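Structure data follow from start29.cif (mmCIF, C-alpha atoms):
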```
data_structure
#
loop_
_atom_site.label_atom_id
_atom_site.label_comp_id
_atom_site.auth_asym_id
_atom_site.auth_seq_id
_atom_site.Cartn_x
_atom_site.Cartn_y
_atom_site.Cartn_z
CA MET A 709 -23.65 -4.44 8.22
CA ALA A 710 -22.36 -0.92 8.77
CA THR A 711 -24.80 1.97 8.59
CA LEU A 712 -24.02 5.46 7.35
CA TYR A 713 -25.40 8.38 9.31
CA PHE A 714 -26.05 11.83 7.85
CA CYS A 715 -26.27 15.25 9.46
CA THR A 716 -29.81 16.49 10.09
CA GLU A 717 -28.69 20.10 9.49
CA CYS A 718 -26.56 19.97 6.32
CA ASN A 719 -27.01 16.37 5.03
CA ASN A 720 -23.25 15.61 5.07
CA LEU A 721 -21.81 12.34 6.30
CA LEU A 722 -21.30 11.98 10.07
CA TYR A 723 -17.97 10.56 11.24
CA PRO A 724 -17.14 8.75 14.51
CA LYS A 725 -15.61 11.03 17.13
CA GLY A 726 -14.51 10.29 20.67
CA ASP A 727 -15.50 12.70 23.43
CA SER A 728 -12.77 12.13 26.00
CA ALA A 729 -14.35 14.43 28.60
CA ARG A 730 -17.57 12.40 28.73
CA GLN A 731 -15.94 9.08 27.72
CA GLN A 732 -18.50 8.72 24.95
CA LEU A 733 -18.48 7.91 21.25
CA LEU A 734 -20.32 10.39 19.02
CA TYR A 735 -21.09 10.91 15.36
CA ALA A 736 -19.97 14.40 14.35
CA CYS A 737 -20.37 16.46 11.21
CA ARG A 738 -17.19 17.91 9.74
CA ILE A 739 -19.05 20.87 8.22
CA CYS A 740 -21.32 22.10 11.01
CA PRO A 741 -21.22 21.61 14.82
CA THR A 742 -23.86 18.83 14.84
CA GLU A 743 -23.10 15.80 17.05
CA GLN A 744 -25.24 12.73 17.73
CA ALA A 745 -24.90 10.03 20.36
CA VAL A 746 -23.97 6.57 19.10
CA ASP A 747 -26.26 3.60 19.69
CA ASN A 748 -23.72 0.99 18.65
CA ALA A 749 -20.22 1.65 20.03
CA CYS A 750 -18.51 -0.63 17.50
CA VAL A 751 -16.34 1.23 14.95
CA TYR A 752 -14.70 -0.43 11.94
CA ARG A 753 -11.66 0.91 10.12
CA ASN A 754 -10.62 -0.43 6.72
CA ASP A 755 -7.32 1.18 5.72
CA LEU A 756 -6.67 0.08 2.14
CA LEU A 757 -3.39 1.97 1.75
CA THR A 758 -1.54 0.26 4.61
CA VAL A 759 1.20 -1.97 3.27
CA THR A 760 3.47 -3.86 5.68
CA LYS A 761 6.35 -4.06 3.23
CA GLU A 762 6.85 -3.72 -0.48
CA GLN A 763 6.82 -7.09 -2.16
CA ALA A 764 7.47 -8.32 -5.62
CA GLY A 765 4.30 -9.38 -7.38
CA VAL A 766 3.69 -12.67 -9.14
CA THR A 767 6.78 -13.23 -11.27
CA THR A 768 5.90 -16.38 -13.23
CA ASP A 769 7.67 -16.50 -16.61
CA LEU A 770 8.68 -12.85 -16.64
CA GLY A 771 11.94 -13.73 -18.37
CA THR A 772 10.02 -14.66 -21.52
CA ASP A 773 7.77 -11.58 -21.50
CA PRO A 774 8.68 -9.61 -24.67
CA THR A 775 7.21 -6.36 -23.33
CA LEU A 776 9.66 -6.02 -20.42
CA ALA A 777 13.00 -4.24 -20.77
CA HIS A 778 16.23 -6.21 -20.35
CA SER A 779 19.29 -5.18 -18.37
CA ASN A 780 22.84 -6.53 -18.03
CA MET A 781 22.33 -6.94 -14.27
CA PRO A 782 24.17 -10.02 -12.90
CA CYS A 783 21.98 -12.43 -10.95
CA PRO A 784 23.20 -12.91 -7.35
CA ARG A 785 22.07 -16.56 -7.41
CA CYS A 786 23.42 -17.94 -10.72
CA GLY A 787 25.63 -15.11 -12.08
CA HIS A 788 23.77 -14.89 -15.43
CA GLU A 789 23.97 -11.33 -16.81
CA ASP A 790 20.54 -10.95 -18.39
CA ALA A 791 17.54 -9.84 -16.34
CA VAL A 792 14.21 -8.18 -17.04
CA PHE A 793 13.05 -5.42 -14.73
CA TYR A 794 9.83 -3.72 -13.71
CA GLN A 795 8.83 -0.93 -11.31
CA ASP A 796 7.12 -1.31 -7.93
CA GLN A 797 3.35 -0.75 -8.24
CA SER A 798 2.47 0.55 -4.75
CA LYS A 799 0.34 3.71 -4.69
CA ARG A 800 1.55 5.51 -1.57
CA LYS A 801 2.67 9.12 -1.27
CA GLU A 802 6.05 8.30 0.27
CA THR A 803 6.88 5.64 -2.32
CA ARG A 804 10.24 5.86 -3.99
CA MET A 805 10.84 4.18 -7.33
CA ILE A 806 11.95 0.58 -6.75
CA LEU A 807 13.04 -1.65 -9.61
CA PHE A 808 12.65 -5.40 -9.30
CA TYR A 809 14.89 -7.56 -11.47
CA VAL A 810 14.12 -11.14 -12.57
CA CYS A 811 16.89 -13.37 -13.93
CA VAL A 812 15.88 -14.87 -17.29
CA LYS A 813 17.87 -18.04 -16.57
CA CYS A 814 16.83 -19.05 -13.01
CA ASN A 815 13.76 -16.78 -12.49
CA HIS A 816 15.26 -15.33 -9.26
CA THR A 817 13.78 -11.96 -8.18
CA PHE A 818 16.26 -9.43 -6.77
CA LEU A 819 16.93 -5.72 -6.32
CA ASP A 820 19.81 -3.67 -7.71
CA PRO A 821 22.88 -4.82 -5.72
CA SER A 822 24.43 -1.33 -6.03
CA LEU A 823 21.71 0.13 -3.76
CA PRO A 824 22.88 1.07 -0.25
CA GLN A 825 21.98 -1.64 2.28
CA GLU A 826 19.74 0.68 4.37
CA SER A 827 17.52 1.55 1.39
CA ARG A 828 16.89 -2.08 0.39
CA ILE A 829 13.71 -3.94 1.18
CA GLU A 830 12.99 -7.61 1.77
CA ILE A 831 11.59 -9.54 -1.16
#
```
Output the structure of this file as structure tokens.
Amino acid sequence: MATLYFCTECNNLLYPKGDSARQQLLYACRICPTEQAVDNACVYRNDLLTVTKEQAGVTTDLGTDPTLAHSNMPCPRCGHEDAVFYQDQSKRKETRMILFYVCVKCNHTFLDPSLPQESRIEI
């Protein structure tokens, strides 16, 4: 299990820092100049905001959901002109608004076909 280390001077959290001159891993305070040598040289990083690509969520029976808005967007698979749509739910700073459409007839998930090809994503 990971252990948190705190500064002996100001009681703030110590963060891993690499000292390239000495080729050593240290714990350093971001508030004061305190640094401590590391006993265990294993560092874990858990980046929760990394997303490989934007994906449509679970879309089971969205066509029958009365709370979703409908659009006259033609389905590229079956040609039916009734689809519900919802917005992408990713929480990143660089996120643009992406609308996912779901055909109410065949339950196919697709993006707006009028979008330029370079701004589309894979579903």
Measuring atom to atom with all atoms listed in the file, identify which of A:Asn720, A:Pro782, A:Gly726, A:Cys814 is nearest to A:Ile739.
A:Asn720
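Between A:Leu733 and the candidates A:Ser822, A:Asp747, A:Leu776, A:Glu789, the tightest atom-to-atom separation, counting all atoms listed in the file, involves A:Asp747.
Here the PyMOL selection byres ((chain A and resi 769-774) around 10) matches the residues Val766, Thr767, Thr768, Thr775, Leu776, Ala777, His778, Asp790, Ala791, Val792, Phe793, Tyr794, Tyr809, Val810, Cys811, Val812, Lys813, Cys814, Asn815, His816 and Thr817 of chain A.
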Enter the distance from atom CA of A:Met805 to atom CA of A:Arg785, in Å, rounded to one decimal.
23.6 Å
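Rounded to one decimal, atom CA of A:Leu722 and atom CA of A:Leu734 lie 9.1 Å from each other.
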When you draw a straight line from atom CA of A:Leu823 to atom CA of A:Cys786, how long is it in Å?
19.4 Å
Name the residues in contact with A:Thr742 at a cut-off of 7 Å, using only C-alpha atoms, excluding same-chain residues fewer than 5 positions from it; report them as a compact mmCIF listing (two decimals) with C-alpha atoms, in the coordinates of the input.
```txt
# COMPACT_ATOMS: atom_id res chain seq x y z
CA CYS A 715 -26.27 15.25 9.46
CA ALA A 736 -19.97 14.40 14.35
CA CYS A 737 -20.37 16.46 11.21
```
